[in-house]
$ cat coords_16.csv   # CSV, C-alpha atoms and all ligand atoms
chain,number,residue,atom,x,y,z
A,1,MET,CA,4.0,31.0,-0.9
A,2,MET,CA,3.4,27.3,-0.3
A,3,LYS,CA,5.2,24.9,-2.7
A,4,SER,CA,4.4,21.3,-3.2
A,5,LEU,CA,7.3,18.9,-3.9
A,6,LYS,CA,7.3,15.1,-4.3
A,7,THR,CA,9.7,12.9,-2.3
A,8,ASP,CA,11.5,10.2,-4.2
A,9,ASP,CA,9.1,7.7,-2.7
A,10,GLY,CA,6.0,9.5,-3.8
A,11,HIS,CA,4.8,11.7,-0.9
A,12,THR,CA,3.9,15.3,-1.4
A,13,LEU,CA,5.8,17.7,0.9
A,14,LYS,CA,4.6,21.3,1.6
A,15,VAL,CA,7.4,23.9,1.7
A,16,HIS,CA,6.8,27.4,2.8
A,17,LEU,CA,9.1,29.6,0.6
A,18,GLU,CA,9.7,33.3,0.8
A,19,GLY,CA,12.4,35.8,-0.3
A,20,GLU,CA,15.3,35.7,-2.7
A,21,GLY,CA,19.0,35.4,-2.5
A,22,ARG,CA,21.9,33.0,-1.8
A,23,PRO,CA,22.7,31.1,0.2
A,24,GLY,CA,19.1,30.0,1.0
A,25,LEU,CA,18.1,29.3,4.6
A,26,LEU,CA,16.5,25.9,5.2
A,27,LEU,CA,14.5,25.9,8.5
A,28,VAL,CA,13.8,22.5,9.8
A,29,HIS,CA,11.3,22.2,12.7
A,30,GLY,CA,11.3,20.0,15.8
A,31,PHE,CA,8.9,17.4,17.2
A,32,PRO,CA,5.9,17.5,17.0
A,33,PHE,CA,5.6,20.7,15.1
A,34,ASP,CA,5.6,22.0,11.5
A,35,HIS,CA,6.9,25.0,9.6
A,36,ARG,CA,4.8,27.4,11.8
A,37,GLN,CA,7.5,26.9,14.4
A,38,TRP,CA,9.5,29.3,12.2
A,39,GLY,CA,6.9,32.0,11.6
A,40,PRO,CA,8.9,34.9,13.0
A,41,GLN,CA,12.1,33.8,11.2
A,42,ILE,CA,10.3,33.4,7.8
A,43,GLU,CA,8.9,36.9,8.2
A,44,ALA,CA,12.2,38.6,9.3
A,45,LEU,CA,14.8,36.7,7.2
A,46,SER,CA,13.0,36.5,3.9
A,47,GLY,CA,13.9,40.2,3.6
A,48,VAL,CA,17.6,39.1,3.6
A,49,THR,CA,17.7,35.9,1.6
A,50,ALA,CA,15.5,33.0,0.3
A,51,VAL,CA,13.9,31.1,3.2
A,52,ALA,CA,12.4,27.6,2.9
A,53,ALA,CA,10.6,26.0,5.8
A,54,PRO,CA,9.2,22.5,4.9
A,55,ASP,CA,6.7,20.5,6.8
A,56,LEU,CA,8.6,17.2,7.4
A,57,ARG,CA,7.0,14.0,6.0
A,58,GLY,CA,3.8,13.1,7.8
A,59,LEU,CA,3.7,16.4,9.7
A,60,GLY,CA,1.9,19.7,9.1
A,61,ALA,CA,0.4,19.6,5.6
A,62,SER,CA,2.9,17.1,4.2
A,63,GLU,CA,2.0,13.6,3.3
A,64,GLY,CA,3.9,10.6,4.8
A,65,PRO,CA,3.8,6.9,4.9
A,66,GLY,CA,1.2,5.2,7.2
A,67,GLU,CA,3.7,2.8,8.7
A,68,ALA,CA,6.3,3.9,11.2
A,69,SER,CA,9.1,2.1,9.4
A,70,GLY,CA,8.8,4.8,6.7
A,71,TYR,CA,10.5,7.3,9.0
A,72,SER,CA,14.2,7.8,10.0
A,73,MET,CA,16.6,10.6,10.3
A,74,ASP,CA,18.3,9.6,7.0
A,75,ARG,CA,14.9,9.4,5.3
A,76,TYR,CA,14.1,13.0,6.4
A,77,ALA,CA,17.5,14.1,5.2
A,78,ARG,CA,16.9,12.5,1.8
A,79,ASP,CA,13.5,14.3,1.6
A,80,LEU,CA,15.3,17.6,2.3
A,81,VAL,CA,18.0,17.1,-0.3
A,82,GLY,CA,15.0,16.5,-2.7
A,83,VAL,CA,13.6,19.8,-1.5
A,84,LEU,CA,16.9,21.6,-2.4
A,85,ASP,CA,16.8,19.9,-5.8
A,86,GLY,CA,13.1,20.9,-6.3
A,87,LEU,CA,13.9,24.5,-5.4
A,88,GLY,CA,17.0,24.6,-7.6
A,89,TRP,CA,19.3,25.3,-4.6
A,90,GLU,CA,22.9,23.9,-4.9
A,91,GLU,CA,23.3,24.3,-1.2
A,92,ALA,CA,21.7,25.8,1.9
A,93,VAL,CA,22.4,27.1,5.3
A,94,PHE,CA,20.6,24.3,7.3
A,95,ALA,CA,19.0,25.5,10.6
A,96,GLY,CA,17.5,22.7,12.6
A,97,LEU,CA,15.8,22.9,16.0
A,98,SER,CA,15.8,19.8,18.3
A,99,MET,CA,14.7,17.0,16.0
A,100,GLY,CA,15.5,19.3,13.2
A,101,GLY,CA,19.0,19.4,14.5
A,102,TYR,CA,19.2,15.5,14.6
A,103,ILE,CA,18.2,15.7,10.9
A,104,ALA,CA,20.7,18.5,10.2
A,105,LEU,CA,23.5,16.1,11.5
A,106,ALA,CA,22.2,13.2,9.4
A,107,PHE,CA,22.1,15.6,6.4
A,108,HIS,CA,25.7,16.7,7.1
A,109,ARG,CA,26.8,13.0,7.2
A,110,LEU,CA,25.0,12.1,3.9
A,111,PHE,CA,25.2,15.3,1.9
A,112,PRO,CA,28.0,17.5,3.1
A,113,ARG,CA,28.5,19.2,-0.2
A,114,ARG,CA,24.9,20.5,-0.1
A,115,LEU,CA,25.6,22.3,3.2
A,116,ALA,CA,26.8,25.9,3.0
A,117,GLY,CA,26.4,26.5,6.8
A,118,LEU,CA,24.9,24.8,9.8
A,119,VAL,CA,22.8,26.2,12.6
A,120,LEU,CA,22.0,23.8,15.5
A,121,MET,CA,19.4,25.0,18.0
A,122,ASP,CA,18.4,23.3,21.3
A,123,THR,CA,19.6,19.9,20.1
A,124,HIS,CA,22.4,17.4,20.8
A,125,PRO,CA,24.3,14.6,19.0
A,126,TYR,CA,23.5,11.6,21.2
A,127,PRO,CA,21.2,8.7,20.4
A,128,ASP,CA,18.3,7.8,22.8
A,129,SER,CA,19.0,5.9,25.9
A,130,GLU,CA,17.1,2.6,26.6
A,131,GLU,CA,14.8,4.5,28.8
A,132,GLY,CA,14.3,7.2,26.2
A,133,ARG,CA,13.4,4.6,23.6
A,134,ALA,CA,10.9,2.9,26.0
A,135,GLY,CA,9.3,6.4,26.5
A,136,ARG,CA,9.0,6.8,22.7
A,137,LYS,CA,7.2,3.4,22.4
A,138,GLU,CA,4.8,4.4,25.2
A,139,ASN,CA,4.1,7.7,23.4
A,140,GLN,CA,3.4,5.9,20.2
A,141,LYS,CA,0.8,3.8,22.0
A,142,ARG,CA,-0.8,6.8,23.5
A,143,VAL,CA,-0.9,8.7,20.1
A,144,ARG,CA,-2.3,5.5,18.4
A,145,SER,CA,-5.2,5.4,20.9
A,146,ASP,CA,-5.9,9.1,21.7
A,147,GLY,CA,-4.2,11.1,18.9
A,148,PRO,CA,-1.5,13.8,19.4
A,149,ASP,CA,-3.8,15.4,22.0
A,150,ALA,CA,-2.4,12.8,24.4
A,151,LEU,CA,0.9,14.6,24.3
A,152,VAL,CA,-0.2,18.2,24.5
A,153,ASP,CA,-0.1,18.9,28.3
A,154,GLU,CA,3.3,17.3,28.9
A,155,MET,CA,5.0,18.6,25.7
A,156,VAL,CA,4.0,22.2,26.4
A,157,GLU,CA,5.4,22.0,29.9
A,158,ARG,CA,8.6,20.4,28.6
A,159,VAL,CA,9.3,22.5,25.5
A,160,LEU,CA,8.4,26.0,26.8
A,161,GLY,CA,10.4,27.8,29.5
A,162,PRO,CA,8.9,29.3,32.6
A,163,THR,CA,9.1,32.8,31.2
A,164,THR,CA,6.9,31.8,28.2
A,165,LEU,CA,4.6,29.7,30.4
A,166,GLY,CA,4.1,32.6,32.8
A,167,GLU,CA,4.2,35.6,30.5
A,168,ARG,CA,3.4,34.7,26.8
A,169,PRO,CA,0.0,33.1,26.8
A,170,HIS,CA,-0.4,33.5,23.0
A,171,ILE,CA,2.7,31.4,22.4
A,172,VAL,CA,1.4,28.7,24.8
A,173,SER,CA,-1.9,28.5,23.1
A,174,MET,CA,-0.4,28.5,19.6
A,175,VAL,CA,2.0,25.7,20.6
A,176,ARG,CA,-0.9,23.7,22.1
A,177,SER,CA,-2.9,23.9,18.9
A,178,MET,CA,0.1,23.2,16.7
A,179,ILE,CA,0.7,19.9,18.6
A,180,SER,CA,-2.9,18.8,18.6
A,181,GLU,CA,-3.3,19.5,14.8
A,182,GLN,CA,-0.5,17.1,13.8
A,183,PRO,CA,-1.5,14.0,11.9
A,184,ALA,CA,-1.1,10.9,14.2
A,185,GLY,CA,0.8,8.9,11.6
A,186,GLY,CA,3.6,11.5,11.2
A,187,VAL,CA,3.9,11.9,15.0
A,188,ILE,CA,4.2,8.1,15.4
A,189,GLY,CA,6.7,8.0,12.6
A,190,ALA,CA,8.8,10.8,14.1
A,191,LEU,CA,8.9,9.0,17.4
A,192,GLU,CA,10.2,5.9,15.5
A,193,ALA,CA,12.8,8.0,13.7
A,194,MET,CA,14.1,9.6,16.9
A,195,ALA,CA,14.2,6.2,18.8
A,196,GLY,CA,16.3,4.7,16.0
A,197,ARG,CA,18.8,7.5,15.4
A,198,PRO,CA,22.5,6.8,15.6
A,199,SER,CA,25.0,8.9,17.5
A,200,SER,CA,26.4,11.9,15.6
A,201,VAL,CA,29.1,12.7,18.1
A,202,ALA,CA,32.0,11.5,15.9
A,203,ASP,CA,30.8,13.6,13.0
A,204,LEU,CA,31.0,17.0,14.9
A,205,ALA,CA,34.8,17.4,14.4
A,206,GLY,CA,34.3,17.0,10.6
A,207,VAL,CA,31.9,19.9,10.2
A,208,GLY,CA,33.7,22.0,7.7
A,209,VAL,CA,31.2,24.8,7.2
A,210,PRO,CA,30.5,28.0,9.2
A,211,SER,CA,28.4,27.0,12.2
A,212,LEU,CA,26.2,28.6,14.8
A,213,VAL,CA,24.9,26.9,17.9
A,214,MET,CA,22.0,28.3,20.0
A,215,VAL,CA,20.1,27.3,23.1
A,216,GLY,CA,17.4,28.9,25.3
A,217,SER,CA,18.7,29.7,28.7
A,218,GLU,CA,15.7,28.0,30.3
A,219,ASP,CA,15.9,24.8,28.1
A,220,THR,CA,15.7,21.8,30.3
A,221,LEU,CA,15.5,19.2,27.5
A,222,THR,CA,18.8,20.2,26.0
A,223,THR,CA,20.5,22.4,28.6
A,224,PRO,CA,22.8,25.3,27.9
A,225,VAL,CA,25.7,23.3,29.4
A,226,GLN,CA,25.0,20.3,27.1
A,227,VAL,CA,24.5,22.4,24.0
A,228,GLN,CA,27.7,24.4,24.7
A,229,GLY,CA,29.5,21.1,25.0
A,230,MET,CA,28.3,20.1,21.6
A,231,ALA,CA,29.4,23.5,20.1
A,232,ALA,CA,32.9,23.1,21.5
A,233,LYS,CA,33.3,19.9,19.4
A,234,ILE,CA,32.5,21.7,16.1
A,235,PRO,CA,35.5,23.5,14.7
A,236,GLY,CA,35.1,27.3,14.9
A,237,ALA,CA,31.4,27.1,15.9
A,238,ARG,CA,29.8,30.3,17.4
A,239,PHE,CA,27.7,29.8,20.5
A,240,ARG,CA,24.8,31.9,21.6
A,241,GLU,CA,22.6,31.5,24.7
A,242,ILE,CA,19.2,33.1,24.2
A,243,ARG,CA,17.8,34.6,27.4
A,244,ALA,CA,14.3,34.0,28.8
A,245,ALA,CA,13.5,31.1,26.4
A,246,GLY,CA,13.1,27.4,26.8
A,247,HIS,CA,13.5,24.6,24.1
A,248,LEU,CA,11.3,26.3,21.5
A,249,VAL,CA,13.6,29.4,21.1
A,250,SER,CA,12.4,30.3,17.6
A,251,LEU,CA,8.9,31.2,19.0
A,252,GLU,CA,9.9,32.1,22.6
A,253,ALA,CA,12.6,34.6,21.8
A,254,PRO,CA,12.1,35.4,18.1
A,255,GLU,CA,13.9,38.8,18.0
A,256,ALA,CA,17.1,37.4,19.6
A,257,VAL,CA,17.1,34.3,17.3
A,258,ASN,CA,16.4,36.5,14.2
A,259,GLU,CA,19.3,38.8,15.2
A,260,ALA,CA,21.7,35.9,15.7
A,261,LEU,CA,20.7,34.4,12.3
A,262,ARG,CA,21.0,37.7,10.6
A,263,SER,CA,24.5,38.5,11.9
A,264,PHE,CA,25.6,34.9,11.0
A,265,LEU,CA,24.4,35.3,7.4
A,266,GLU,CA,25.9,38.8,7.2
A,267,GLU,CA,29.3,37.9,8.7
A,268,GLU,CA,29.8,34.7,6.7
A,269,TRP,CA,28.1,35.5,3.4
A,270,GLY,CA,27.7,39.3,3.4
A,271,VAL,CA,23.9,39.0,2.9
A,301,LIG,C1,12.0,18.2,19.7
A,301,LIG,O1,11.8,19.3,20.2
A,301,LIG,O2,12.2,18.0,18.5
A,301,LIG,C2,12.0,17.0,20.6
A,301,LIG,O3,12.0,17.4,21.9
A,301,LIG,C3,13.3,16.2,20.4
A,301,LIG,C4,13.2,14.9,21.2
A,301,LIG,O4,12.2,14.5,21.8
A,301,LIG,O5,14.3,14.3,21.4

$ encode --input "coords_16.csv" --output "structure tokens" --more "lines below"
Ligand code: MLT
Amino acid sequence: MMKSLKTDDGHTLKVHLEGEGRPGLLLVHGFPFDHRQWGPQIEALSGVTAVAAPDLRGLGASEGPGEASGYSMDRYARDLVGVLDGLGWEEAVFAGLSMGGYIALAFHRLFPRRLAGLVLMDTHPYPDSEEGRAGRKENQKRVRSDGPDALVDEMVERVLGPTTLGERPHIVSMVRSMISEQPAGGVIGALEAMAGRPSSVADLAGVGVPSLVMVGSEDTLTTPVQVQGMAAKIPGARFREIRAAGHLVSLEAPEAVNEALRSFLEEEWGV
């Protein structure tokens, strides 16, 4: 079912909600995607507990501000605590992939008591470098003039691993359309939010909830070595490398990701 919830600054967010049970699983997508990035997880895990997969402000079917200054990691995190309030969830197991992971770390800093567990996938805690920020600005310009289509070819090459690019044509075409269908304003806003995000490195040692960290073995954006390094800084975090998948593990290796999430939920909460 698709639910509509209002943010505290008046934008309507669309949240895909399935299943029942506690703790609920909040699935937060990466850039430049929407809740469809979690299709296989929504299907498999809603049999186990409640699953909510929002479209972040300005992306997918969610509304967002027209100006880029209306987007930041803290702003996304505030939207998501509003989603928990709207769903009547005291707390959630927050699973974030890539940009979703940046948001998960902002959420942990701002609302630690609303976090039952943390799942970080293909992400890292560092801010953008100067060069990275310049690249975001350049991409904002390209999206302003040609729309998100300007990013499709290079994003697909960057986010999907060689196994998917060579052997999973349906995933390649699904990811291409998902990028090209995103509203330009939300893509430009997300680039602004990523360029301005602070470091979360110092927060990792303070994560006091059960945590699971995953990465695709073929991820070149956030490599297994980098992601394992992040996991080592989180007290007691489990680490799983997912074979034959790149950065977009939730779609590239859904069975392995579902299995890791299912065991995590079962071992920690008995669901
Ligand atoms: C993502 O997948 O969310 C992005 O690759 C993150 C980024 O560009 O830093």

$ closest_atom_pairs --input "coords_16.csv" --of "chain A" --to "ligand LIG 301 (chain A)" --cutoff "9 Å" --atoms "only C-alpha atoms and all ligand atoms" --output "JSON lines"
{"residue": "A:His29", "atom": "CA", "partner": "A:LIG301", "partner_atom": "O2", "distance": 7.2}
{"residue": "A:Gly30", "atom": "CA", "partner": "A:LIG301", "partner_atom": "O2", "distance": 3.5}
{"residue": "A:Phe31", "atom": "CA", "partner": "A:LIG301", "partner_atom": "O2", "distance": 3.6}
{"residue": "A:Pro32", "atom": "CA", "partner": "A:LIG301", "partner_atom": "O2", "distance": 6.5}
{"residue": "A:Phe33", "atom": "CA", "partner": "A:LIG301", "partner_atom": "O2", "distance": 7.9}
{"residue": "A:Leu97", "atom": "CA", "partner": "A:LIG301", "partner_atom": "O2", "distance": 6.6}
{"residue": "A:Ser98", "atom": "CA", "partner": "A:LIG301", "partner_atom": "O2", "distance": 4.0}
{"residue": "A:Met99", "atom": "CA", "partner": "A:LIG301", "partner_atom": "O2", "distance": 3.7}
{"residue": "A:Gly100", "atom": "CA", "partner": "A:LIG301", "partner_atom": "O2", "distance": 6.4}
{"residue": "A:Gly101", "atom": "CA", "partner": "A:LIG301", "partner_atom": "O2", "distance": 8.0}
{"residue": "A:Tyr102", "atom": "CA", "partner": "A:LIG301", "partner_atom": "C3", "distance": 8.3}
{"residue": "A:Asp122", "atom": "CA", "partner": "A:LIG301", "partner_atom": "O1", "distance": 7.8}
{"residue": "A:Thr123", "atom": "CA", "partner": "A:LIG301", "partner_atom": "C3", "distance": 7.3}
{"residue": "A:His124", "atom": "CA", "partner": "A:LIG301", "partner_atom": "O5", "distance": 8.7}
{"residue": "A:Pro127", "atom": "CA", "partner": "A:LIG301", "partner_atom": "O5", "distance": 8.9}
{"residue": "A:Asp128", "atom": "CA", "partner": "A:LIG301", "partner_atom": "O5", "distance": 7.8}
{"residue": "A:Gly132", "atom": "CA", "partner": "A:LIG301", "partner_atom": "O5", "distance": 8.6}
{"residue": "A:Arg136", "atom": "CA", "partner": "A:LIG301", "partner_atom": "O4", "distance": 8.4}
{"residue": "A:Met155", "atom": "CA", "partner": "A:LIG301", "partner_atom": "O3", "distance": 8.1}
{"residue": "A:Arg158", "atom": "CA", "partner": "A:LIG301", "partner_atom": "O3", "distance": 8.1}
{"residue": "A:Val159", "atom": "CA", "partner": "A:LIG301", "partner_atom": "O1", "distance": 6.7}
{"residue": "A:Leu191", "atom": "CA", "partner": "A:LIG301", "partner_atom": "O4", "distance": 7.8}
{"residue": "A:Met194", "atom": "CA", "partner": "A:LIG301", "partner_atom": "O5", "distance": 6.5}
{"residue": "A:Ala195", "atom": "CA", "partner": "A:LIG301", "partner_atom": "O5", "distance": 8.5}
{"residue": "A:Leu221", "atom": "CA", "partner": "A:LIG301", "partner_atom": "O3", "distance": 6.8}
{"residue": "A:Thr222", "atom": "CA", "partner": "A:LIG301", "partner_atom": "O3", "distance": 8.4}
{"residue": "A:His247", "atom": "CA", "partner": "A:LIG301", "partner_atom": "O1", "distance": 6.8}
{"residue": "A:Leu248", "atom": "CA", "partner": "A:LIG301", "partner_atom": "O1", "distance": 7.1}

$ closest_residue --input "coords_16.csv" --among "A:Asp153, A:Val83, A:Glu18, A:Pro254" --to "Ser173 in chain A" --atoms "only C-alpha atoms"
A:Asp153

$ residues_around --input "coords_16.csv" --residues "Leu212 in chain A" --least-positions-apart "5" --cutoff "12 Å" --atoms "all atoms listed in the file" --output "ChimeraX atom specification"
/A:93-97,101,117-122,207,227-228,230-232,234-241,257,260-265,267-268

$ atom_distance --input "coords_16.csv" --atom1 "CA of Gln182 in chain A" --atom2 "CA of Pro148 in chain A"
6.6 Å

$ atom_distance --input "coords_16.csv" --atom1 "CA of Val249 in chain A" --atom2 "CA of Gln41 in chain A"
10.9 Å

$ closest_residue --input "coords_16.csv" --among "A:Gly270, A:Gly186, A:Pro112, A:Gly206" --to "Gly64 in chain A" --atoms "all atoms listed in the file"
A:Gly186

$ atom_distance --input "coords_16.csv" --atom1 "CA of Arg113 in chain A" --atom2 "CA of Asp9 in chain A"
22.7 Å

$ closest_residue --input "coords_16.csv" --among "A:Val28, A:Leu160, A:Met2, A:Ala106" --to "Val201 in chain A" --atoms "all atoms listed in the file"
A:Ala106

$ closest_residue --input "coords_16.csv" --among "A:Leu151, A:Ala190, A:Leu80, A:Leu27" --to "Ser177 in chain A" --atoms "all atoms listed in the file"
A:Leu151

$ residues_around --input "coords_16.csv" --residues "Gly185 in chain A" --least-positions-apart "4" --cutoff "7 Å" --atoms "all atoms listed in the file" --output "list in words"
Gly58, Gly66 and Gly189 of chain A

$ write_last_selection --input "coords_16.csv" --atoms "C-alpha atoms" --output "mmCIF file, in the coordinates of the input"
data_model
loop_
_atom_site.group_PDB
_atom_site.id
_atom_site.type_symbol
_atom_site.label_atom_id
_atom_site.label_comp_id
_atom_site.auth_asym_id
_atom_site.auth_seq_id
_atom_site.Cartn_x
_atom_site.Cartn_y
_atom_site.Cartn_z
ATOM 1 C CA GLY A 58 3.800 13.100 7.800
ATOM 2 C CA GLY A 66 1.200 5.200 7.200
ATOM 3 C CA GLY A 189 6.700 8.000 12.600
#

$ closest_residue --input "coords_16.csv" --among "A:Val187, A:Gly24, A:Ser4, A:Ser199" --to "Lys137 in chain A" --atoms "all atoms listed in the file"
A:Val187

$ decode --input "coords_16.csv" --residues "range 186-198 of chain A" --atoms "N, CA, C and O atoms" --output "compact mmCIF listing (two decimals), in the first residue's frame"
# COMPACT_ATOMS: atom_id res chain seq x y z
N GLY A 186 14.45 17.19 -7.32
CA GLY A 186 14.88 16.31 -6.22
C GLY A 186 16.29 15.80 -6.44
O GLY A 186 17.05 15.59 -5.47
N VAL A 187 16.67 15.59 -7.71
CA VAL A 187 18.04 15.13 -8.01
C VAL A 187 19.04 16.26 -7.69
O VAL A 187 20.07 16.03 -7.03
N ILE A 188 18.68 17.48 -8.09
CA ILE A 188 19.57 18.63 -7.82
C ILE A 188 19.66 18.85 -6.30
O ILE A 188 20.75 19.10 -5.76
N GLY A 189 18.54 18.69 -5.61
CA GLY A 189 18.52 18.84 -4.16
C GLY A 189 19.37 17.79 -3.47
O GLY A 189 20.11 18.08 -2.52
N ALA A 190 19.29 16.54 -3.94
CA ALA A 190 20.08 15.47 -3.32
C ALA A 190 21.57 15.73 -3.53
O ALA A 190 22.39 15.47 -2.63
N LEU A 191 21.93 16.24 -4.71
CA LEU A 191 23.35 16.57 -4.96
C LEU A 191 23.82 17.65 -3.98
O LEU A 191 24.93 17.59 -3.44
N GLU A 192 22.95 18.63 -3.71
CA GLU A 192 23.26 19.70 -2.75
C GLU A 192 23.47 19.10 -1.35
O GLU A 192 24.42 19.43 -0.64
N ALA A 193 22.54 18.20 -0.98
CA ALA A 193 22.59 17.59 0.36
C ALA A 193 23.87 16.77 0.52
O ALA A 193 24.53 16.83 1.57
N MET A 194 24.24 16.02 -0.51
CA MET A 194 25.44 15.18 -0.40
C MET A 194 26.70 16.05 -0.34
O MET A 194 27.62 15.77 0.43
N ALA A 195 26.71 17.13 -1.15
CA ALA A 195 27.90 18.01 -1.16
C ALA A 195 28.10 18.68 0.20
O ALA A 195 29.24 18.94 0.60
N GLY A 196 27.01 18.93 0.92
CA GLY A 196 27.12 19.69 2.17
C GLY A 196 27.19 18.82 3.41
O GLY A 196 27.22 19.33 4.53
N ARG A 197 27.25 17.50 3.26
CA ARG A 197 27.11 16.68 4.47
C ARG A 197 28.40 16.69 5.30
O ARG A 197 29.50 16.72 4.74
N PRO A 198 28.24 16.64 6.62
CA PRO A 198 29.42 16.63 7.48
C PRO A 198 29.98 15.21 7.62
O PRO A 198 29.34 14.24 7.20
